[in-house]
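Undergrad: Coordinates in protein20.cif, mmCIF, C-alpha atoms, are listed below.
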```
data_protein
#
loop_
_atom_site.label_atom_id
_atom_site.label_comp_id
_atom_site.auth_asym_id
_atom_site.auth_seq_id
_atom_site.Cartn_x
_atom_site.Cartn_y
_atom_site.Cartn_z
CA MET A 1 -28.81 2.13 11.16
CA ILE A 2 -25.58 3.73 9.99
CA ASP A 3 -25.90 5.74 6.79
CA PHE A 4 -23.25 4.43 4.45
CA SER A 5 -24.49 6.30 1.40
CA LEU A 6 -21.87 7.01 -1.24
CA ALA A 7 -22.35 10.72 -0.77
CA ARG A 8 -21.16 10.37 2.84
CA LEU A 9 -18.36 7.95 2.01
CA GLN A 10 -16.89 9.79 -0.97
CA PRO A 11 -13.75 11.66 0.09
CA ALA A 12 -13.10 15.28 -0.82
CA ALA A 13 -10.65 15.99 -3.61
CA ALA A 14 -8.24 17.68 -1.19
CA ALA A 15 -8.19 14.58 1.00
CA VAL A 16 -7.43 12.40 -2.01
CA TYR A 17 -4.59 14.64 -3.14
CA ALA A 18 -3.16 14.65 0.38
CA ALA A 19 -3.36 10.85 0.51
CA LEU A 20 -1.56 10.69 -2.83
CA GLY A 21 1.29 12.71 -1.40
CA LEU A 22 0.59 16.15 -2.85
CA LYS A 23 2.14 18.70 -0.54
CA ASN A 24 0.08 21.54 0.89
CA GLY A 25 -0.07 24.44 -1.51
CA SER A 26 1.09 22.39 -4.48
CA GLU A 27 -1.01 21.93 -7.57
CA PRO A 28 -1.33 18.61 -9.41
CA SER A 29 -0.31 18.57 -13.06
CA ALA A 30 -3.11 19.00 -15.59
CA ARG A 31 -2.78 15.35 -16.65
CA SER A 32 -3.02 14.10 -13.06
CA ALA A 33 -5.84 16.47 -12.20
CA ALA A 34 -7.84 15.11 -15.13
CA LEU A 35 -7.71 11.64 -13.60
CA LEU A 36 -9.41 12.50 -10.31
CA PRO A 37 -12.92 13.07 -11.73
CA ARG A 38 -12.59 9.77 -13.62
CA ALA A 39 -11.56 8.00 -10.41
CA MET A 40 -14.49 9.56 -8.54
CA ASP A 41 -16.88 8.43 -11.28
CA LEU A 42 -15.48 4.90 -11.09
CA PHE A 43 -15.83 4.97 -7.31
CA LEU A 44 -19.50 5.90 -7.59
CA ALA A 45 -20.13 3.36 -10.34
CA THR A 46 -18.44 0.34 -8.75
CA SER A 47 -18.85 0.76 -4.98
CA GLU A 48 -21.43 -1.40 -3.23
CA PRO A 49 -21.09 -0.31 0.41
CA ARG A 50 -22.42 -2.60 3.09
CA GLY A 51 -21.74 -2.58 6.80
CA MET A 52 -22.86 -4.33 9.96
CA SER A 53 -22.25 -4.27 13.69
CA ARG A 54 -23.38 -5.90 16.87
CA PRO A 55 -22.77 -5.17 20.54
CA VAL A 56 -20.47 -7.43 22.44
CA THR A 57 -19.74 -7.75 26.15
CA ALA A 58 -16.27 -7.16 27.54
CA ASP A 59 -16.00 -10.82 28.51
CA GLU A 60 -17.03 -11.98 25.05
CA PHE A 61 -14.64 -9.54 23.44
CA ALA A 62 -11.78 -10.66 25.69
CA ALA A 63 -11.93 -14.06 24.00
CA ILE A 64 -12.07 -12.49 20.54
CA PHE A 65 -9.16 -10.20 21.35
CA ALA A 66 -7.06 -13.09 22.67
CA GLY A 67 -7.54 -14.91 19.38
CA GLN A 68 -4.87 -17.54 18.93
CA GLY A 69 -2.66 -16.09 21.66
CA LEU A 70 -0.41 -14.27 19.20
CA ASN A 71 -0.95 -10.66 20.34
CA ALA A 72 2.06 -8.55 21.27
CA PRO A 73 3.01 -8.89 24.96
CA GLN A 74 1.60 -5.42 25.53
CA ALA A 75 -1.17 -4.19 23.27
CA PRO A 76 -3.05 -0.93 23.95
CA LEU A 77 -6.47 -2.40 23.26
CA GLU A 78 -5.95 -4.81 26.15
CA GLU A 79 -6.21 -1.82 28.49
CA ILE A 80 -8.78 0.10 26.49
CA PHE A 81 -11.61 -2.36 25.99
CA PRO A 82 -12.30 -3.19 29.67
CA GLN A 83 -12.84 0.54 30.30
CA ALA A 84 -15.19 1.08 27.36
CA ARG A 85 -18.80 1.93 28.06
CA ARG A 86 -19.80 -0.15 25.06
CA LEU A 87 -18.07 -2.41 22.57
CA GLU A 88 -19.44 -3.06 19.12
CA LEU A 89 -18.02 -5.51 16.60
CA PHE A 90 -17.97 -3.90 13.19
CA ALA A 91 -17.33 -4.76 9.55
CA PHE A 92 -17.70 -2.83 6.32
CA THR A 93 -16.96 -3.42 2.68
CA LEU A 94 -17.06 -1.42 -0.52
CA GLY A 95 -17.76 -4.67 -2.35
CA GLU A 96 -15.95 -6.75 -4.92
CA ARG A 97 -16.48 -4.62 -8.01
CA ILE A 98 -14.29 -1.70 -6.97
CA SER A 99 -11.44 -4.00 -5.96
CA ALA A 100 -11.72 -5.80 -9.30
CA GLU A 101 -11.66 -2.45 -11.10
CA ILE A 102 -8.51 -1.35 -9.26
CA GLU A 103 -6.84 -4.66 -10.11
CA ARG A 104 -7.89 -4.32 -13.74
CA LEU A 105 -6.41 -0.85 -13.99
CA PHE A 106 -3.13 -1.97 -12.42
CA SER A 107 -2.84 -5.07 -14.55
CA GLY A 108 -3.08 -2.90 -17.65
CA VAL A 109 -1.28 0.38 -18.06
CA ASP A 110 -3.81 2.64 -16.35
CA PHE A 111 -1.93 2.45 -13.06
CA ALA A 112 -2.11 6.20 -12.42
CA LEU A 113 -5.90 6.00 -12.55
CA GLY A 114 -5.79 2.75 -10.55
CA PHE A 115 -3.60 4.38 -7.93
CA ILE A 116 -5.99 7.30 -7.54
CA LEU A 117 -9.03 5.02 -7.41
CA ASP A 118 -7.26 2.92 -4.77
CA ALA A 119 -6.70 6.05 -2.68
CA VAL A 120 -10.34 7.14 -3.11
CA ALA A 121 -11.54 3.69 -2.03
CA SER A 122 -9.17 3.52 0.96
CA LEU A 123 -10.32 6.93 2.14
CA ALA A 124 -13.95 5.90 1.67
CA ALA A 125 -13.35 2.81 3.83
CA ASP A 126 -11.73 5.04 6.46
CA ASN A 127 -14.75 7.33 6.23
CA ALA A 128 -17.00 4.32 6.89
CA GLY A 129 -15.06 3.71 10.11
CA ARG A 130 -15.50 7.34 11.11
CA LEU A 131 -19.23 7.22 10.35
CA ALA A 132 -19.50 4.17 12.58
CA GLU A 133 -17.56 5.95 15.31
CA GLU A 134 -19.84 8.98 15.06
CA TRP A 135 -22.91 6.77 15.12
CA LEU A 136 -21.74 5.05 18.30
CA GLU A 137 -20.81 8.35 19.95
CA SER A 138 -24.28 9.66 19.18
CA GLN A 139 -25.77 6.85 21.30
CA PHE A 140 -24.15 8.26 24.42
CA GLY A 141 -24.49 11.52 26.28
CA ARG A 142 -22.29 12.93 28.98
CA GLN A 143 -22.58 11.10 32.29
CA GLU A 144 -21.69 14.24 34.20
CA GLU A 145 -21.65 17.87 33.16
CA SER A 146 -17.90 17.89 33.72
CA ASP A 147 -17.34 14.92 31.45
CA SER A 148 -16.00 15.39 27.97
CA PRO A 149 -18.22 13.89 25.27
CA PRO A 150 -17.62 10.17 24.84
CA ARG A 151 -15.32 9.24 21.98
CA ALA A 152 -15.53 6.09 19.92
CA TYR A 153 -12.64 4.58 18.00
CA LEU A 154 -12.36 1.61 15.72
CA TYR A 155 -9.57 -0.82 16.55
CA SER A 156 -8.66 -3.46 13.99
CA PRO A 157 -6.80 -6.78 14.09
CA GLY A 158 -3.37 -6.44 12.52
CA TYR A 159 -2.63 -3.09 14.12
CA CYS A 160 -1.05 -1.93 17.37
CA GLY A 161 -0.16 -5.36 18.68
CA TRP A 162 -3.55 -6.96 18.04
CA HIS A 163 -2.64 -9.97 15.93
CA ILE A 164 -4.49 -10.45 12.68
CA SER A 165 -5.34 -14.07 13.58
CA SER A 166 -8.03 -12.66 15.88
CA GLN A 167 -10.01 -12.08 12.70
CA GLU A 168 -11.10 -15.70 12.92
CA ARG A 169 -12.94 -15.22 16.20
CA LEU A 170 -14.19 -11.81 15.17
CA PHE A 171 -15.73 -13.36 12.05
CA ALA A 172 -17.21 -16.22 14.08
CA ALA A 173 -18.89 -13.74 16.41
CA LEU A 174 -20.02 -11.15 13.85
CA ARG A 175 -20.61 -13.32 10.77
CA PRO A 176 -19.87 -10.61 8.19
CA GLN A 177 -20.25 -13.17 5.42
CA ALA A 178 -23.76 -11.74 5.37
CA ILE A 179 -22.38 -8.58 3.76
CA GLY A 180 -20.10 -10.47 1.38
CA LEU A 181 -16.89 -10.67 3.41
CA SER A 182 -14.69 -13.71 3.57
CA LEU A 183 -11.47 -14.61 5.33
CA ASN A 184 -8.60 -16.54 3.81
CA ALA A 185 -6.15 -18.90 5.51
CA SER A 186 -3.91 -15.94 6.38
CA PHE A 187 -6.85 -14.16 8.04
CA LEU A 188 -7.02 -11.56 5.29
CA MET A 189 -10.37 -10.22 4.20
CA ALA A 190 -11.85 -10.19 0.75
CA PRO A 191 -12.97 -7.97 -0.92
CA LEU A 192 -9.84 -5.89 -0.48
CA LYS A 193 -11.49 -2.59 0.37
CA SER A 194 -13.03 -3.72 3.63
CA ILE A 195 -12.46 -2.94 7.28
CA SER A 196 -13.28 -4.80 10.49
CA GLY A 197 -12.66 -4.50 14.17
CA VAL A 198 -14.21 -3.37 17.40
CA LEU A 199 -15.69 0.03 18.14
CA ALA A 200 -14.96 1.08 21.70
CA VAL A 201 -16.75 4.07 23.15
CA GLY A 202 -15.85 5.83 26.36
CA PRO A 203 -14.17 8.90 27.80
CA THR A 204 -11.37 10.27 25.63
CA VAL A 205 -8.82 9.34 28.25
CA ILE A 206 -9.27 5.59 27.71
CA HIS A 207 -8.13 5.94 24.10
CA ARG A 208 -4.90 7.76 24.82
CA ILE A 209 -1.98 5.71 23.62
CA ALA A 210 1.18 7.02 25.19
CA GLY A 211 3.44 5.13 22.82
CA GLY A 212 6.46 3.29 24.05
CA TYR A 213 5.04 -0.15 23.36
CA PRO A 214 7.67 -2.53 21.99
CA PHE A 215 6.11 -2.49 18.51
CA CYS A 216 5.82 1.33 18.46
CA SER A 217 9.61 1.71 18.26
CA ARG A 218 9.54 -0.05 14.90
CA CYS A 219 6.33 1.33 13.51
CA GLN A 220 6.36 4.54 11.50
CA SER A 221 2.73 4.44 10.46
CA PRO A 222 1.57 8.02 9.92
CA ALA A 223 -2.02 6.98 10.52
CA CYS A 224 -1.28 6.13 14.12
CA ARG A 225 0.39 9.45 14.83
CA GLU A 226 -2.55 11.20 13.20
CA ARG A 227 -5.01 9.49 15.53
CA ASP A 228 -2.80 10.03 18.54
CA ILE A 229 -2.66 13.76 17.84
CA GLY A 230 -6.43 13.82 17.34
CA ILE A 231 -7.03 12.25 20.73
CA LYS A 232 -4.65 14.62 22.48
CA GLU A 233 -6.52 17.57 21.01
CA MET H 1 20.09 12.99 -31.14
CA GLU H 2 17.66 15.88 -30.64
CA ILE H 3 14.79 13.48 -31.02
CA VAL H 4 16.09 11.35 -28.15
CA LYS H 5 15.94 14.41 -25.90
CA GLN H 6 12.38 14.98 -27.09
CA ILE H 7 11.55 11.41 -26.10
CA ALA H 8 12.89 12.03 -22.59
CA GLN H 9 10.98 15.31 -22.33
CA SER H 10 7.73 13.76 -23.62
CA LEU H 11 8.13 10.94 -21.15
CA GLU H 12 8.59 13.42 -18.31
CA ALA H 13 5.34 15.06 -19.43
CA GLY H 14 3.59 11.69 -19.33
CA ASP H 15 2.65 11.83 -23.00
CA ASP H 16 2.03 8.19 -23.81
CA ALA H 17 0.98 8.96 -27.39
CA LEU H 18 4.00 11.04 -28.35
CA VAL H 19 6.67 8.84 -26.77
CA PRO H 20 6.06 5.76 -28.97
CA GLN H 21 5.63 7.99 -32.03
CA LEU H 22 9.00 9.68 -31.41
CA THR H 23 10.57 6.31 -30.62
CA ARG H 24 9.53 5.01 -34.02
CA GLU H 25 10.82 8.18 -35.69
CA ALA H 26 14.15 7.84 -33.88
CA LEU H 27 14.50 4.26 -35.07
CA ALA H 28 13.67 5.38 -38.60
CA GLN H 29 16.49 7.92 -38.34
CA GLY H 30 18.86 5.04 -37.63
CA ILE H 31 19.38 5.66 -33.92
CA ALA H 32 20.18 2.46 -32.04
CA ALA H 33 17.46 1.00 -29.83
CA THR H 34 19.87 0.90 -26.89
CA ALA H 35 20.61 4.62 -27.28
CA ILE H 36 16.89 5.42 -27.36
CA LEU H 37 16.40 3.25 -24.28
CA ASP H 38 19.30 4.68 -22.27
CA ASP H 39 19.29 8.32 -23.35
CA GLY H 40 15.57 8.70 -23.99
CA LEU H 41 13.35 6.44 -21.94
CA ILE H 42 15.56 5.65 -18.94
CA ALA H 43 16.99 9.16 -18.87
CA GLY H 44 13.45 10.52 -18.83
CA MET H 45 12.40 8.18 -16.02
CA ASN H 46 15.51 9.10 -14.05
CA ALA H 47 14.58 12.77 -14.35
CA VAL H 48 11.05 11.97 -13.23
CA GLY H 49 12.40 10.01 -10.26
CA GLU H 50 14.58 12.93 -9.25
CA LYS H 51 11.68 15.41 -9.51
CA PHE H 52 9.61 13.08 -7.35
CA ARG H 53 12.44 12.76 -4.83
CA VAL H 54 12.55 16.54 -4.33
CA HIS H 55 8.72 16.80 -4.34
CA ASP H 56 8.50 18.73 -7.61
CA ILE H 57 5.89 16.23 -8.80
CA PHE H 58 3.67 13.71 -7.05
CA LEU H 59 3.12 10.03 -7.61
CA PRO H 60 0.36 10.08 -10.26
CA ASP H 61 2.72 12.12 -12.46
CA VAL H 62 5.38 9.44 -11.99
CA LEU H 63 2.89 6.78 -12.98
CA LEU H 64 1.81 8.70 -16.06
CA ALA H 65 5.48 8.91 -17.03
CA ALA H 66 5.84 5.18 -16.42
CA ARG H 67 2.89 4.56 -18.72
CA ALA H 68 4.62 6.60 -21.40
CA MET H 69 7.79 4.59 -20.74
CA TYR H 70 5.89 1.35 -21.26
CA ALA H 71 4.49 2.70 -24.54
CA GLY H 72 8.01 3.45 -25.74
CA MET H 73 9.28 0.08 -24.52
CA ASP H 74 6.56 -1.69 -26.53
CA VAL H 75 8.23 -0.28 -29.64
CA LEU H 76 11.78 -1.11 -28.54
CA LYS H 77 11.28 -4.47 -26.84
CA PRO H 78 11.21 -6.67 -29.98
CA LEU H 79 14.43 -5.03 -31.19
CA LEU H 80 16.15 -5.36 -27.81
CA LEU H 81 15.11 -9.01 -27.54
CA SER H 82 16.27 -9.89 -31.02
CA ALA H 83 19.59 -8.16 -30.32
CA GLY H 84 19.96 -10.12 -27.07
CA ILE H 85 20.24 -6.96 -24.95
CA PRO H 86 19.91 -8.07 -21.30
CA SER H 87 17.72 -6.31 -18.76
CA ARG H 88 19.32 -4.63 -15.75
CA GLY H 89 18.53 -7.73 -13.76
CA ARG H 90 15.61 -9.61 -12.29
CA VAL H 91 13.80 -8.58 -9.12
CA VAL H 92 11.21 -10.64 -7.22
CA ILE H 93 8.70 -8.53 -5.32
CA GLY H 94 5.69 -9.24 -3.11
CA SER H 95 3.73 -8.31 -0.01
CA VAL H 96 4.69 -10.66 2.80
CA HIS H 97 2.63 -13.53 4.18
CA GLY H 98 -0.37 -12.24 6.11
CA ASP H 99 -0.41 -8.91 4.34
CA LEU H 100 -2.56 -7.96 1.40
CA HIS H 101 -1.67 -4.30 1.18
CA ASP H 102 -0.06 -4.20 -2.21
CA ILE H 103 -0.34 -0.68 -3.55
CA GLY H 104 3.20 0.26 -2.50
CA LYS H 105 4.56 -2.96 -3.88
CA ASN H 106 2.73 -2.34 -7.17
CA LEU H 107 4.22 1.14 -7.44
CA VAL H 108 7.73 -0.17 -6.85
CA GLY H 109 7.16 -2.81 -9.52
CA ILE H 110 6.03 -0.22 -12.05
CA MET H 111 9.01 2.00 -11.27
CA LEU H 112 11.46 -0.91 -11.44
CA LYS H 113 10.17 -1.89 -14.87
CA GLY H 114 10.51 1.73 -15.87
CA ALA H 115 14.13 1.60 -14.74
CA GLY H 116 14.81 -1.40 -16.99
CA PHE H 117 14.47 -4.28 -14.53
CA ASP H 118 12.72 -7.56 -15.18
CA VAL H 119 10.12 -7.75 -12.39
CA ILE H 120 8.44 -10.90 -11.08
CA ASP H 121 5.50 -9.85 -8.95
CA LEU H 122 4.39 -12.65 -6.61
CA GLY H 123 1.38 -10.64 -5.43
CA ASN H 124 0.39 -10.48 -1.78
CA ASP H 125 0.34 -12.92 1.16
CA VAL H 126 3.66 -14.40 -0.01
CA THR H 127 5.43 -16.85 2.29
CA ALA H 128 9.18 -16.79 2.90
CA ALA H 129 9.54 -20.09 1.05
CA ARG H 130 7.81 -18.70 -2.05
CA PHE H 131 10.02 -15.61 -2.10
CA VAL H 132 13.20 -17.66 -1.86
CA GLU H 133 12.11 -20.33 -4.32
CA ALA H 134 11.03 -17.76 -6.92
CA ALA H 135 14.27 -15.81 -6.55
CA ARG H 136 16.38 -18.94 -6.82
CA SER H 137 14.54 -20.56 -9.74
CA ARG H 138 14.28 -17.30 -11.71
CA GLU H 139 17.83 -16.24 -10.91
CA ALA H 140 16.78 -12.94 -9.37
CA LEU H 141 19.35 -10.53 -8.04
CA VAL H 142 17.07 -8.90 -5.50
CA ILE H 143 14.00 -9.75 -3.42
CA GLY H 144 11.77 -6.78 -2.55
CA MET H 145 9.33 -7.22 0.33
CA SER H 146 6.47 -4.99 1.42
CA ALA H 147 4.48 -5.00 4.68
CA LEU H 148 1.93 -2.59 6.08
CA LEU H 149 1.18 -4.38 9.32
CA THR H 150 3.43 -4.54 12.38
CA THR H 151 2.24 -8.10 12.82
CA THR H 152 3.53 -9.21 9.41
CA MET H 153 6.94 -7.53 9.57
CA PRO H 154 8.60 -10.65 11.07
CA VAL H 155 8.04 -12.49 7.77
CA MET H 156 10.70 -10.22 6.28
CA LYS H 157 13.20 -11.65 8.74
CA GLU H 158 12.06 -15.16 7.83
CA VAL H 159 12.98 -14.45 4.21
CA VAL H 160 16.40 -13.07 5.13
CA ASP H 161 17.06 -16.01 7.45
CA LEU H 162 15.93 -18.55 4.86
CA LEU H 163 18.21 -17.04 2.23
CA HIS H 164 21.17 -17.36 4.58
CA LYS H 165 20.17 -20.86 5.62
CA GLU H 166 20.16 -21.93 1.98
CA GLY H 167 23.46 -20.23 1.26
CA LEU H 168 21.93 -17.53 -0.94
CA GLY H 169 22.37 -14.60 1.41
CA GLY H 170 25.32 -13.04 -0.34
CA ARG H 171 24.06 -13.67 -3.85
CA ILE H 172 20.42 -12.60 -3.59
CA LYS H 173 20.02 -9.18 -1.98
CA THR H 174 16.97 -8.07 -0.01
CA ILE H 175 15.15 -4.77 0.29
CA ILE H 176 12.16 -3.98 2.49
CA GLY H 177 9.54 -1.24 2.50
CA GLY H 178 6.14 -0.31 3.90
CA ALA H 179 4.71 2.05 6.49
CA PRO H 180 5.77 0.22 9.68
CA VAL H 181 9.33 -0.63 8.63
CA SER H 182 12.45 1.51 8.72
CA GLN H 183 16.17 1.57 8.02
CA ASP H 184 16.74 0.48 11.62
CA TYR H 185 14.44 -2.49 11.17
CA ALA H 186 16.21 -3.44 7.94
CA ALA H 187 19.52 -3.41 9.80
CA GLU H 188 18.04 -5.36 12.71
CA ILE H 189 16.82 -8.24 10.54
CA GLY H 190 19.82 -8.23 8.22
CA ALA H 191 18.07 -6.96 5.09
CA ASP H 192 20.43 -5.33 2.61
CA ALA H 193 18.39 -2.16 2.10
CA TYR H 194 15.30 -0.19 3.00
CA GLY H 195 13.25 1.94 0.62
CA TYR H 196 11.35 4.84 2.17
CA ASP H 197 9.29 5.32 -0.97
CA CYS H 198 9.14 3.84 -4.44
CA ALA H 199 11.70 6.25 -5.92
CA GLN H 200 14.22 5.50 -3.17
CA ALA H 201 13.47 1.79 -3.49
CA VAL H 202 14.42 1.88 -7.17
CA GLU H 203 17.68 3.67 -6.39
CA ARG H 204 18.51 1.12 -3.71
CA VAL H 205 17.68 -1.79 -6.03
CA LYS H 206 19.99 -0.33 -8.69
CA GLN H 207 22.80 -0.30 -6.11
CA LEU H 208 21.98 -3.81 -4.89
CA ALA H 209 21.79 -5.21 -8.42
CA ALA H 210 25.12 -3.62 -9.26
CA SER H 211 26.73 -5.21 -6.21
CA ALA H 212 25.03 -8.57 -6.77
CA SER H 213 25.81 -9.01 -10.46
#
```
Please rewrite the model in this file as structure tokens.
TA:
Amino acid sequence: MIDFSLARLQPAAAAVYAALGLKNGSEPSARSAALLPRAMDLFLATSEPRGMSRPVTADEFAAIFAGQGLNAPQAPLEEIFPQARRLELFAFTLGERISAEIERLFSGVDFALGFILDAVASLAADNAGRLAEEWLESQFGRQEESDSPPRAYLYSPGYCGWHISSQERLFAALRPQAIGLSLNASFLMAPLKSISGVLAVGPTVIHRIAGGYPFCSRCQSPACRERDIGIKE
Amino acid sequence: MEIVKQIAQSLEAGDDALVPQLTREALAQGIAATAILDDGLIAGMNAVGEKFRVHDIFLPDVLLAARAMYAGMDVLKPLLLSAGIPSRGRVVIGSVHGDLHDIGKNLVGIMLKGAGFDVIDLGNDVTAARFVEAARSREALVIGMSALLTTTMPVMKEVVDLLHKEGLGGRIKTIIGGAPVSQDYAAEIGADAYGYDCAQAVERVKQLAASAS
């Protein structure tokens, strides 16, 4: 259904360097640069990508979103999901082997290589989310000529006021154990390089997060700002 | 002492083969292990940290330098232990309960070891009770906490509160880090310091350890 081939998931070198903190226009040292091809090879050798999704109604998702009642008093998704044209529960994993490889590298002295492989894997997981978003967007056309194309975004428990304990209900509804995912007592997923959440598709306007939520004043996550800017554009 | 400078320079270059070789040569020349440690390995890591702070190098270069540091330390450690040379202090680190993002925490741990600290890494998903118990039983000077989720940040306050409740607040210092936290949040929950990145975290821990010991 969604093509999660490694060729589509593998991030570009420039994206990896940016994620590692290399400033625009800077060049990595020769020693660091030599590690990236090794990390890419390890990514290709140890990744076992698997993903799944299933549609969910707004009423059904309301119960999943509510979880154990621990969400922030105001959470953006609370306003977004009722306006979505379609909601799709989603989970993806790169599998256990790549996480084990990263851990092995860090537990030894190859932490520079481990750090780069971790970045490659994190970007690949992000890419899986984007592929899922693109897939869902492709299911919808414009309702009216004047409409902007529908946009899909992946929202995940643990972010933007959606408490991570909602993972329990999300897992109960989606059953991603089928692709090798498990949840521990703290609602954290294993393997490590996995993502889950709900894909919401609808007009761009429903995804606009103005900021100003109580938790936004504390949060400095660059990823959020990046998405916010993307939506505004 | 020219060879000690070479050790620092080789470490900055991330040469994990040359650093231990030069360290052995320096010892053979009769240079004290503590001088090699302070003026070679730690001096080199300090220079690397400063280059990282001003964006002259990026993190993988720091980690390659840390690997070279470890290689040099492998040579020195038996001598330092037998001479009873203490570490700069013990630091307990972990990602807080409910959070398994540990890459930042791992980097801080590597850098702290490179700076001469004894690091106890509790891993991820660490409860407030585990942080406090580990710090107390292992006589740590500092607890370092990492979180990447807004929903797990409150655990940092639990740790600070528990330390105060158990009368350890003044003795065991706390530092927090991670994408959603800030200096303001550190002040709000009563943490002693905030580290924007791993290099700044190490500098802050040095200050905290100095004030705690």
Undergrad: May I ask you to extract the residues of chain H within 6 Å of chain A, using all atoms listed in the file, and to give them as a list of chain:residue names?
TA: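 Interface list for chain H against chain A: H:Phe58, H:Pro60, H:Leu63, H:Leu64, H:Arg67, H:Gly98, H:Leu149, H:Thr151, H:Ala179, H:Pro180.
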Undergrad: Extract, using only C-alpha atoms, all DNA, RNA and protein residues at most 9 Å from Gly129 (chain A), discarding same-chain residues fewer than 3 positions from it, and format them as a count of residues only.
TA: 14
Undergrad: For the atom pair CA of Gly116 (chain H) and CA of Val202 (chain H), what is the interatomic distance in Å to one decimal place?
TA: 10.4 Å
Undergrad: Show me, as a tab-separated table, the residues of region 48-124 of chain H having an atom within 6 Å of region 5-23 of chain H, each with the closest atom pair and its distance in Å, using all atoms listed in the file.
TA:
```
residue	atom	partner	partner_atom	distance
H:Val48	CA	H:Glu12	CA	5.8
H:Leu64	CA	H:Gly14	CA	4.8
H:Ala65	CA	H:Gly14	CA	4.1
H:Ala68	CA	H:Asp16	CA	3.9
H:Ala71	CA	H:Pro20	CA	5.6
H:Gly72	CA	H:Pro20	CA	4.4
```
Undergrad: Looking at H:Ile175, H:Leu122, H:Ala66, H:Ala28, which one is nearest to Ala191 (chain H), with distances taken over all atoms listed in the file?
TA: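 Looking at the shortest contact to Ala191 (chain H), the residue is H:Ile175.
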Undergrad: Write out as number ranges by chain each polymer residue whose atoms come within 9 Å of Phe140 (chain A), counting only C-alpha atoms; drop sequence neighbours fewer than 6 positions from it.
TA: A: 149-150, 201-202
Undergrad: Which one is closest to Ser122 (chain A): H:Ala147, H:Ala186, H:Ile103, H:Ile85? Count all atoms listed in the file.
TA: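 Among the listed residues, the smallest separation from Ser122 (chain A) belongs to H:Ile103.
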Undergrad: Can you pull out the residues contacting Ala212 (chain H)? Cut-off 10 Å, using only C-alpha atoms, and skip same-chain residues under 2 positions away; I want them as a ChimeraX atom specification.
TA: /H:89,140-142,170-173,206-210
Undergrad: Between A:Leu170, A:Leu117, A:Ile206, A:Ala128, which one has atoms that come closest to Arg38 (chain A), using only C-alpha atoms?
TA: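 Counting only C-alpha atoms, the residue closest to Arg38 (chain A) is A:Leu117.
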Undergrad: Using all atoms listed in the file, can you tell me which of A:Val16, A:Ile80, A:Leu131, A:Ala58 comes closest to Asp3 (chain A)?
TA: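 Distance minimum relative to Asp3 (chain A) lands on A:Leu131.
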Undergrad: As number ranges by chain, please: the residues near Val91 (chain H) (cut-off 10 Å, only C-alpha atoms, same-chain neighbours under 3 positions excluded).
TA: H: 88, 109, 112-113, 117-121, 134-135, 138-144, 172-174, 205, 209
Undergrad: Take the point (1.0, 3.0, 2.8) in the file's coordinates, draw a sphere of radius 7 Å around it, and report as a PyMOL selection string every protein, DNA or RNA residue with an atom inside or on it, counting all atoms listed in the file.
TA: chain H and resi 104+148+178-179
Undergrad: Residues near Ser47 (chain A), anyone? I mean within 10 Å using all atoms listed in the file, not counting same-chain ones fewer than 4 positions away, as a count of residues only.
TA: 14
Undergrad: Could you tell me which of A:Arg130, A:Val56, A:Pro73, A:Glu103 comes closest to Arg8 (chain A) if we count all atoms listed in the file?
TA: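 Result for the nearest residue to Arg8 (chain A): A:Arg130.
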Undergrad: Here is a test: counting only C-alpha atoms, which residue of A:Gly197, A:Pro49, A:Gly180, A:Pro191 is nearest to Gln10 (chain A)?
TA: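 Between A:Gly197, A:Pro49, A:Gly180, A:Pro191, the residue approaching Gln10 (chain A) most closely is A:Pro49.
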Undergrad: Could you please determine the separation between CA of Glu25 (chain H) and CA of Ala83 (chain H) in Å, to one decimal place?
TA: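 Answer for the CA of Glu25 (chain H) to CA of Ala83 (chain H) separation: 19.3 Å.
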Undergrad: Using the chain letters and residue numbers of this document, give as a list of chain:residue names the residues selected by the PyMOL selection byres ((chain H and resi 153-165) around 7).
TA: H:Val96, H:His97, H:Ala128, H:Val132, H:Met145, H:Ala147, H:Leu149, H:Thr150, H:Thr151, H:Thr152, H:Glu166, H:Gly167, H:Leu168, H:Gly169, H:Ile189, H:Gly190, H:Ala191
Undergrad: Put the listed atoms of region 189-200 of chain H in a box along x, y and z with 8 Å added on every side and give me the centre and edge lengths in Å to one decimal, as JSON.
TA:
```
{"center_x": 14.8, "center_y": -1.0, "center_z": 2.3, "size_x": 27.3, "size_y": 30.5, "size_z": 32.5}
```
